[in-house]
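Have a look at coords_28.tsv; it's TSV, C-alpha atoms:
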```tsv
chain	number	residue	atom	x	y	z
M	1	ASP	CA	77.74	47.10	-65.92
M	2	GLY	CA	76.65	46.38	-69.50
M	3	LYS	CA	75.81	42.73	-68.80
M	4	ARG	CA	72.05	43.18	-69.10
M	5	LEU	CA	69.69	44.88	-71.53
M	6	ILE	CA	66.20	45.86	-70.39
M	7	ALA	CA	63.36	46.43	-72.85
M	8	ALA	CA	59.97	48.00	-72.03
M	9	SER	CA	57.00	46.78	-74.08
M	10	GLY	CA	53.51	45.32	-73.80
M	11	VAL	CA	50.13	45.09	-75.50
M	12	ALA	CA	47.87	48.14	-75.45
M	13	GLY	CA	44.93	47.67	-73.09
M	14	LEU	CA	46.12	44.28	-71.86
M	15	TYR	CA	49.48	44.36	-70.10
M	16	GLY	CA	52.92	45.90	-69.89
M	17	GLN	CA	56.13	43.92	-69.54
M	18	ALA	CA	59.84	44.47	-69.01
M	19	CYS	CA	62.21	41.91	-70.48
M	20	VAL	CA	65.72	41.47	-69.10
M	21	PHE	CA	68.27	40.03	-71.55
M	22	ASP	CA	71.83	38.75	-71.11
M	23	THR	CA	73.96	40.83	-73.49
M	24	ALA	CA	76.56	38.06	-73.79
M	25	ASP	CA	74.24	35.62	-75.58
M	26	GLY	CA	71.01	37.56	-76.07
M	27	GLN	CA	69.01	35.12	-73.93
M	28	LEU	CA	65.94	36.25	-71.99
M	29	VAL	CA	66.83	36.20	-68.28
M	30	ARG	CA	63.60	37.48	-66.74
M	31	GLU	CA	60.18	38.73	-67.79
M	32	ILE	CA	58.39	41.11	-65.43
M	33	LYS	CA	54.66	41.78	-65.74
M	34	GLY	CA	52.32	43.76	-63.52
M	35	HIS	CA	51.04	46.77	-65.46
M	36	ARG	CA	47.64	46.98	-67.13
M	37	ASP	CA	48.89	48.64	-70.31
M	38	THR	CA	51.97	49.21	-72.47
M	39	LEU	CA	55.21	50.23	-70.75
M	40	TYR	CA	57.19	53.26	-71.89
M	41	ALA	CA	60.02	53.12	-69.34
M	42	ALA	CA	62.05	50.43	-67.55
M	43	VAL	CA	65.00	51.87	-65.65
M	44	PRO	CA	67.42	50.01	-63.32
M	45	SER	CA	68.55	51.62	-60.08
M	46	PRO	CA	72.20	52.78	-59.88
M	47	ASP	CA	73.18	49.72	-57.81
M	48	GLY	CA	71.50	47.38	-60.32
M	49	GLU	CA	69.33	45.73	-57.67
M	50	GLN	CA	65.95	47.24	-58.52
M	51	LEU	CA	63.95	48.17	-61.60
M	52	ALA	CA	61.40	50.98	-61.95
M	53	THR	CA	58.75	50.64	-64.67
M	54	ALA	CA	55.99	52.94	-65.90
M	55	GLY	CA	53.63	53.35	-68.81
M	56	TYR	CA	50.19	54.14	-70.10
M	57	ASP	CA	48.34	52.93	-66.97
M	58	ARG	CA	49.82	55.90	-65.02
M	59	ARG	CA	51.38	53.63	-62.40
M	60	ILE	CA	55.05	53.38	-61.45
M	61	ILE	CA	56.18	50.07	-59.99
M	62	LEU	CA	59.47	49.22	-58.29
M	63	TRP	CA	60.71	45.64	-58.68
M	64	ASN	CA	63.45	43.47	-57.24
M	65	LEU	CA	65.57	42.53	-60.26
M	66	ALA	CA	66.96	39.37	-58.63
M	67	ASP	CA	63.59	37.58	-58.41
M	68	GLY	CA	61.12	39.88	-60.19
M	69	ALA	CA	59.13	40.52	-57.00
M	70	GLU	CA	57.14	43.76	-56.72
M	71	VAL	CA	58.55	46.09	-54.04
M	72	ARG	CA	56.14	49.04	-54.09
M	73	THR	CA	53.92	51.19	-56.29
M	74	PHE	CA	54.04	54.94	-56.81
M	75	GLU	CA	50.71	56.49	-57.75
M	76	GLY	CA	49.74	60.12	-58.34
M	77	HIS	CA	50.08	60.90	-62.03
M	78	ASN	CA	46.94	61.74	-64.02
M	79	GLY	CA	48.41	60.78	-67.38
M	80	ALA	CA	50.66	58.21	-68.99
M	81	VAL	CA	54.21	58.11	-67.58
M	82	PHE	CA	56.72	58.34	-70.43
M	83	ASP	CA	60.09	58.36	-68.68
M	84	LEU	CA	61.83	57.63	-65.36
M	85	ALA	CA	65.22	58.50	-63.88
M	86	PHE	CA	66.97	57.60	-60.63
M	87	SER	CA	69.09	60.20	-58.86
M	88	PRO	CA	72.83	59.27	-58.83
M	89	GLY	CA	72.57	57.85	-55.31
M	90	GLY	CA	69.32	56.03	-56.03
M	91	ALA	CA	67.35	57.72	-53.23
M	92	VAL	CA	65.02	59.69	-55.51
M	93	LEU	CA	63.05	58.65	-58.59
M	94	ALA	CA	61.83	61.23	-61.11
M	95	SER	CA	58.90	60.61	-63.47
M	96	ALA	CA	57.84	62.52	-66.59
M	97	SER	CA	54.17	62.36	-67.53
M	98	ALA	CA	51.51	63.32	-70.06
M	99	ASP	CA	49.80	65.23	-67.22
M	100	ASP	CA	52.31	68.06	-67.84
M	101	THR	CA	54.32	67.36	-64.69
M	102	VAL	CA	57.53	65.82	-63.44
M	103	LYS	CA	57.22	64.24	-60.01
M	104	LEU	CA	59.92	63.29	-57.52
M	105	TRP	CA	59.50	60.22	-55.31
M	106	LYS	CA	61.33	58.84	-52.28
M	107	VAL	CA	62.37	55.37	-53.43
M	108	ALA	CA	62.58	53.84	-49.95
M	109	THR	CA	58.96	54.64	-49.01
M	110	GLY	CA	57.09	55.64	-52.16
M	111	GLN	CA	56.41	59.11	-50.74
M	112	ARG	CA	55.90	61.86	-53.29
M	113	LEU	CA	58.46	64.57	-52.55
M	114	ASP	CA	57.54	67.22	-55.10
M	115	THR	CA	55.62	67.98	-58.29
M	116	LEU	CA	57.34	70.17	-60.87
M	117	SER	CA	54.43	71.71	-62.75
M	118	GLN	CA	55.90	74.63	-64.70
M	119	PRO	CA	55.78	72.93	-68.15
M	120	LEU	CA	52.70	73.61	-70.30
M	121	LYS	CA	52.79	70.40	-72.34
M	122	GLU	CA	53.36	66.67	-71.92
M	123	GLN	CA	56.71	65.70	-70.42
M	124	TYR	CA	58.42	62.95	-72.41
M	125	ALA	CA	61.90	62.82	-70.87
M	126	VAL	CA	63.59	63.39	-67.54
M	127	LEU	CA	67.22	63.10	-66.41
M	128	PHE	CA	69.25	64.02	-63.34
M	129	GLY	CA	72.32	66.20	-63.72
M	130	PRO	CA	75.24	66.15	-61.25
M	131	LEU	CA	73.98	67.00	-57.78
M	132	ALA	CA	75.75	69.53	-55.61
M	133	HIS	CA	74.44	68.21	-52.27
M	134	GLU	CA	71.81	65.83	-50.92
M	135	GLY	CA	70.43	68.50	-48.57
M	136	ALA	CA	69.75	72.22	-48.43
M	137	ILE	CA	72.83	74.39	-49.05
M	138	SER	CA	73.22	76.66	-46.05
M	139	HIS	CA	76.49	78.57	-46.61
M	140	LEU	CA	78.68	79.78	-49.48
M	141	ALA	CA	82.14	81.32	-49.50
M	142	PHE	CA	84.85	82.09	-52.05
M	143	ALA	CA	88.52	81.20	-51.58
M	144	HIS	CA	91.75	81.40	-53.58
M	145	GLY	CA	90.91	84.84	-54.88
M	146	GLY	CA	87.51	83.75	-56.16
M	147	LYS	CA	88.83	80.69	-57.99
M	148	THR	CA	87.28	78.28	-55.47
M	149	LEU	CA	83.71	78.17	-54.17
M	150	VAL	CA	83.02	76.54	-50.79
M	151	THR	CA	79.53	75.09	-50.25
M	152	VAL	CA	78.13	73.75	-47.00
M	153	SER	CA	74.98	71.66	-46.73
M	154	GLU	CA	72.59	70.32	-44.12
M	155	ASP	CA	73.67	66.86	-45.30
M	156	ARG	CA	76.86	67.50	-43.24
M	157	THR	CA	79.13	67.81	-46.24
M	158	ILE	CA	81.51	70.56	-47.32
M	159	LYS	CA	82.51	70.70	-50.98
M	160	LEU	CA	84.89	72.77	-53.07
M	161	TRP	CA	84.18	73.82	-56.67
M	162	GLU	CA	86.47	75.34	-59.29
M	163	THR	CA	84.67	78.50	-60.39
M	164	ALA	CA	86.10	78.34	-63.92
M	165	GLY	CA	83.53	75.67	-64.73
M	166	TYR	CA	81.90	75.05	-61.34
M	167	THR	CA	83.02	71.43	-61.25
M	168	GLN	CA	83.56	69.70	-57.93
M	169	SER	CA	87.22	69.61	-56.97
M	170	TYR	CA	87.17	68.31	-53.38
M	171	LEU	CA	84.90	66.69	-50.79
M	172	PHE	CA	85.77	66.96	-47.09
M	173	ASP	CA	85.11	64.11	-44.68
M	174	ARG	CA	81.49	63.99	-43.47
M	175	GLN	CA	81.08	66.44	-40.59
M	176	PRO	CA	80.06	65.18	-37.11
M	177	ASP	CA	77.19	67.69	-37.03
M	178	VAL	CA	75.51	70.28	-39.24
M	179	VAL	CA	77.83	73.18	-40.01
M	180	ALA	CA	76.27	76.44	-38.78
M	181	ALA	CA	78.96	78.89	-39.92
M	182	ILE	CA	82.13	79.08	-42.05
M	183	ALA	CA	84.82	81.68	-42.67
M	184	VAL	CA	87.78	81.66	-45.05
M	185	SER	CA	91.06	82.96	-43.64
M	186	PRO	CA	92.72	85.88	-45.48
M	187	ARG	CA	95.54	83.39	-46.07
M	188	SER	CA	93.02	81.50	-48.27
M	189	ASP	CA	94.26	78.09	-47.15
M	190	LEU	CA	92.29	77.74	-43.91
M	191	LEU	CA	88.55	77.29	-43.49
M	192	ALA	CA	87.01	77.92	-40.06
M	193	VAL	CA	84.05	75.64	-39.42
M	194	GLY	CA	81.53	76.08	-36.61
M	195	ARG	CA	79.03	73.28	-35.99
M	196	MET	CA	75.68	72.98	-34.24
M	197	ASP	CA	77.24	70.80	-31.53
M	198	GLY	CA	79.43	73.74	-30.47
M	199	SER	CA	82.64	72.44	-32.03
M	200	LEU	CA	85.05	74.67	-33.98
M	201	ASP	CA	87.65	73.35	-36.41
M	202	PHE	CA	90.13	74.77	-38.90
M	203	LEU	CA	90.30	72.76	-42.14
M	204	THR	CA	93.13	73.09	-44.63
M	205	LEU	CA	91.86	74.02	-48.08
M	206	PRO	CA	93.49	72.01	-50.87
M	207	ALA	CA	95.24	74.29	-53.35
M	208	ASN	CA	93.25	75.25	-56.42
M	209	LYS	CA	94.90	73.58	-59.42
M	210	SER	CA	94.14	76.49	-61.68
M	211	ALA	CA	95.93	78.75	-59.21
M	212	GLY	CA	99.13	76.73	-59.60
M	213	GLY	CA	99.19	75.34	-56.05
M	214	ASP	CA	99.99	71.86	-54.78
M	215	PRO	CA	97.08	69.59	-55.73
M	216	ALA	CA	98.30	66.95	-53.28
M	217	SER	CA	97.29	69.01	-50.22
M	218	VAL	CA	94.66	67.35	-48.07
M	219	ALA	CA	92.08	68.56	-45.56
M	220	THR	CA	92.99	68.11	-41.89
M	221	ASN	CA	91.35	68.89	-38.57
M	222	GLU	CA	93.40	70.98	-36.16
```
What do you get writing this file as structure tokens?
Amino acid sequence: DGKRLIAASGVAGLYGQACVFDTADGQLVREIKGHRDTLYAAVPSPDGEQLATAGYDRRIILWNLADGAEVRTFEGHNGAVFDLAFSPGGAVLASASADDTVKLWKVATGQRLDTLSQPLKEQYAVLFGPLAHEGAISHLAFAHGGKTLVTVSEDRTIKLWETAGYTQSYLFDRQPDVVAAIAVSPRSDLLAVGRMDGSLDFLTLPANKSAGGDPASVATNE
């Protein structure tokens, strides 16, 4: 929200620290220590409640910003950690390291989800782009003469994307169960949805704005 500024620093070989400042008056609000060497990254979670720090000691630590208490540690890198990034929802933390990898971690448990090891040199920066879904994408379909892409995921969501730039244009209500099959009507305004619980629904596809339809249309169950 712009009310705080967080700086990563420390003294080589001694400790790392993150300083939290009030941007209104520049006063130091909190000082967080716990690393054994200089910090290179101090990144707040999207909700502003937690702080992830990392540096030369190869460790990643998650802190409670309200009281500075340590929540958990993520360990697995074999080199200094130069950068961190939370996913938009805050469920996943990515770390870029001098060990030539980017790792993905489950924030709630500290579990390592994946290691991205294609790079051949040190990784200095990492950032999340817009996410399509929070689970595996199981089905795709085009509508509105190819101007709309329908995506279905195991996270029980159905999304629409304008194919001119593949930007999200609509999110349907969360489905009661995983969608196992979809079909777009030749009319291009109805989407048939079959779910794992045996239910079948017909959802109204909002008109594609680029196609000149009514953008006020909403999805309904019939």
Point-to-point distance from atom CA of M:Pro44 to atom CA of M:Ala132, Å rounded to tenths: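 Going from atom CA of M:Pro44 over to atom CA of M:Ala132, I get 22.6 Å.
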Nearest residue to M:Asp67 from the set M:Ile137, M:Ala98, M:Ile32, M:Ala54 (distances using all atoms listed in the file):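 Closest residue, counting all atoms listed in the file: M:Ile32.
With all atoms listed in the file as the atoms that count, the minimum distance from M:Leu120 to the choices M:Ser87, M:Thr151, M:Ser138, M:Thr101 is reached by M:Thr101.
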One decimal, in Å: what's the spacing between atom CA of M:Ser95 and atom CA of M:Phe21? 24.0 Å
Using all atoms of stretch 74-79 of chain M that appear in the file, construct an axis-aligned enclosing box with 3 Å of padding on every side and provide its centre coordinates and edge lengths in Å, rounded to one decimal, as JSON.
```
{"center_x": 50.5, "center_y": 58.3, "center_z": -62.1, "size_x": 13.1, "size_y": 12.8, "size_z": 16.6}
```
Would you pick out the contacts of stretch 173-178 of chain M at 6 Å or less, using all atoms listed in the file, so that residues sharing its chain but fewer than 2 positions from it are not included, and give the list as JSON, numbers by chain? {"M": [154, 156, 157, 195, 196]}
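Using only C-alpha atoms for every distance, the candidate list M:Leu190, M:Val71, M:Leu113, M:Leu51 yields M:Leu51 as the residue closest to M:Gly90.
Residue nearest M:Val126, chosen from M:Ala207, M:Ala94, M:Val43, M:Val81 and counting only C-alpha atoms: M:Ala94.
Going from atom CA of M:His139 to atom CA of M:Pro46 covers 29.3 Å.
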Option closest in space to M:Glu162, from M:Asn208, M:Ser185, M:Gln111, M:Ser199 [counting only C-alpha atoms]: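 Of M:Asn208, M:Ser185, M:Gln111, M:Ser199, the one nearest M:Glu162, counting only C-alpha atoms, is M:Asn208.
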Can you tell me, as a list in words, what residues are no more than 9 Å from M:Asp114 when counting all atoms listed in the file, ignoring any on the same chain fewer than 2 positions away?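 Within the cut-off, the hits are Val102, Lys103, Leu104, Trp105, Arg112 and Leu116 of chain M.
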Radius query 10 Å about (71.1, 67.4, -53.9), atoms used: all atoms listed in the file, as a list in words: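 Protein and nucleic acid residues near the point are Ser87, Pro88, Gly89, Val92, Gly129, Pro130, Leu131, Ala132, His133, Glu134, Gly135, Ala136, Ile137, Ser153 and Asp155 of chain M.
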May I have the selected residues written with C-alpha atoms, as a JSON list (two decimals), keeping the file's coordinate frame?
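Generated file (part-v3.json):
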```json
[["chain", "number", "residue", "atom", "x", "y", "z"],
["M", 87, "SER", "CA", 69.09, 60.20, -58.86],
["M", 88, "PRO", "CA", 72.83, 59.27, -58.83],
["M", 89, "GLY", "CA", 72.57, 57.85, -55.31],
["M", 92, "VAL", "CA", 65.02, 59.69, -55.51],
["M", 129, "GLY", "CA", 72.32, 66.20, -63.72],
["M", 130, "PRO", "CA", 75.24, 66.15, -61.25],
["M", 131, "LEU", "CA", 73.98, 67.00, -57.78],
["M", 132, "ALA", "CA", 75.75, 69.53, -55.61],
["M", 133, "HIS", "CA", 74.44, 68.21, -52.27],
["M", 134, "GLU", "CA", 71.81, 65.83, -50.92],
["M", 135, "GLY", "CA", 70.43, 68.50, -48.57],
["M", 136, "ALA", "CA", 69.75, 72.22, -48.43],
["M", 137, "ILE", "CA", 72.83, 74.39, -49.05],
["M", 153, "SER", "CA", 74.98, 71.66, -46.73],
["M", 155, "ASP", "CA", 73.67, 66.86, -45.30]]
```
Contacts of M:Ala192 at 10 Å (all atoms listed in the file; same-chain gap of 5+ positions) as a ChimeraX atom specification: /M:181-185,200-204
Using all atoms listed in the file, which of the listed residues (M:Leu140, M:Ile6, M:Cys19, M:Leu14) sits closest to M:Asp57? M:Leu14
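Remark: residues at most 12 Å from position (63.2, 43.4, -58.4) in file coordinates are Ala18, Val20, Arg30, Glu31, Ile32, Lys33, Ala42, Val43, Pro44, Ser45, Asp47, Gly48, Glu49, Gln50, Leu51, Ala52, Thr53, Ile61, Leu62, Trp63, Asn64, Leu65, Ala66, Asp67, Gly68, Ala69, Glu70, Val71 and Arg72 of chain M, using all atoms listed in the file.
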Would you pull stretch 79-108 of chain M out of the block just shown and save N, CA and C atoms as a short mmCIF file (atom, residue, chain, number, x, y, z; two decimals), in the first residue's frame?
```
data_model
loop_
_atom_site.label_atom_id
_atom_site.label_comp_id
_atom_site.auth_asym_id
_atom_site.auth_seq_id
_atom_site.Cartn_x
_atom_site.Cartn_y
_atom_site.Cartn_z
N GLY M 79 23.74 -22.19 -3.41
CA GLY M 79 24.44 -20.94 -3.66
C GLY M 79 23.66 -19.78 -3.07
N ALA M 80 24.25 -18.61 -3.10
CA ALA M 80 23.57 -17.43 -2.58
C ALA M 80 22.23 -17.24 -3.28
N VAL M 81 21.24 -16.75 -2.55
CA VAL M 81 19.91 -16.47 -3.13
C VAL M 81 19.83 -14.96 -3.38
N PHE M 82 19.68 -14.58 -4.64
CA PHE M 82 19.74 -13.17 -5.02
C PHE M 82 18.37 -12.48 -5.10
N ASP M 83 17.31 -13.24 -5.35
CA ASP M 83 16.01 -12.60 -5.52
C ASP M 83 14.89 -13.54 -5.13
N LEU M 84 13.75 -12.96 -4.73
CA LEU M 84 12.56 -13.70 -4.34
C LEU M 84 11.34 -13.05 -4.98
N ALA M 85 10.29 -13.84 -5.17
CA ALA M 85 9.02 -13.30 -5.68
C ALA M 85 7.88 -14.19 -5.23
N PHE M 86 6.82 -13.56 -4.72
CA PHE M 86 5.59 -14.27 -4.38
C PHE M 86 4.70 -14.35 -5.61
N SER M 87 3.98 -15.46 -5.75
CA SER M 87 2.95 -15.53 -6.79
C SER M 87 1.85 -14.55 -6.42
N PRO M 88 1.02 -14.11 -7.39
CA PRO M 88 -0.02 -13.11 -7.10
C PRO M 88 -0.92 -13.46 -5.91
N GLY M 89 -1.23 -14.74 -5.74
CA GLY M 89 -2.08 -15.14 -4.62
C GLY M 89 -1.32 -15.37 -3.33
N GLY M 90 0.01 -15.39 -3.41
CA GLY M 90 0.83 -15.58 -2.22
C GLY M 90 1.05 -17.02 -1.82
N ALA M 91 0.57 -17.99 -2.59
CA ALA M 91 0.69 -19.39 -2.22
C ALA M 91 2.06 -19.97 -2.55
N VAL M 92 2.74 -19.38 -3.54
CA VAL M 92 4.03 -19.91 -4.00
C VAL M 92 5.09 -18.83 -3.92
N LEU M 93 6.29 -19.23 -3.50
CA LEU M 93 7.43 -18.32 -3.45
C LEU M 93 8.49 -18.84 -4.42
N ALA M 94 9.01 -17.96 -5.27
CA ALA M 94 10.07 -18.33 -6.20
C ALA M 94 11.38 -17.72 -5.73
N SER M 95 12.49 -18.44 -5.91
CA SER M 95 13.80 -17.95 -5.49
C SER M 95 14.82 -18.14 -6.61
N ALA M 96 15.63 -17.11 -6.85
CA ALA M 96 16.67 -17.16 -7.88
C ALA M 96 18.03 -17.22 -7.20
N SER M 97 18.88 -18.14 -7.65
CA SER M 97 20.11 -18.40 -6.91
C SER M 97 21.36 -18.46 -7.78
N ALA M 98 22.50 -18.33 -7.11
CA ALA M 98 23.80 -18.47 -7.76
C ALA M 98 24.10 -19.92 -8.11
N ASP M 99 23.25 -20.87 -7.66
CA ASP M 99 23.46 -22.28 -8.02
C ASP M 99 22.85 -22.61 -9.38
N ASP M 100 22.54 -21.58 -10.16
CA ASP M 100 22.02 -21.72 -11.53
C ASP M 100 20.58 -22.23 -11.59
N THR M 101 19.82 -22.08 -10.51
CA THR M 101 18.45 -22.57 -10.51
C THR M 101 17.48 -21.52 -9.99
N VAL M 102 16.22 -21.72 -10.35
CA VAL M 102 15.09 -21.03 -9.73
C VAL M 102 14.26 -22.12 -9.07
N LYS M 103 13.93 -21.95 -7.82
CA LYS M 103 13.12 -22.95 -7.11
C LYS M 103 11.77 -22.36 -6.74
N LEU M 104 10.78 -23.22 -6.70
CA LEU M 104 9.43 -22.84 -6.30
C LEU M 104 9.09 -23.54 -4.99
N TRP M 105 8.53 -22.76 -4.05
CA TRP M 105 8.24 -23.28 -2.71
C TRP M 105 6.77 -23.05 -2.35
N LYS M 106 6.20 -24.00 -1.60
CA LYS M 106 4.85 -23.84 -1.07
C LYS M 106 4.97 -23.03 0.23
N VAL M 107 4.42 -21.83 0.23
CA VAL M 107 4.60 -20.91 1.35
C VAL M 107 4.03 -21.48 2.65
N ALA M 108 2.89 -22.14 2.57
CA ALA M 108 2.20 -22.61 3.78
C ALA M 108 2.97 -23.69 4.54
#
```
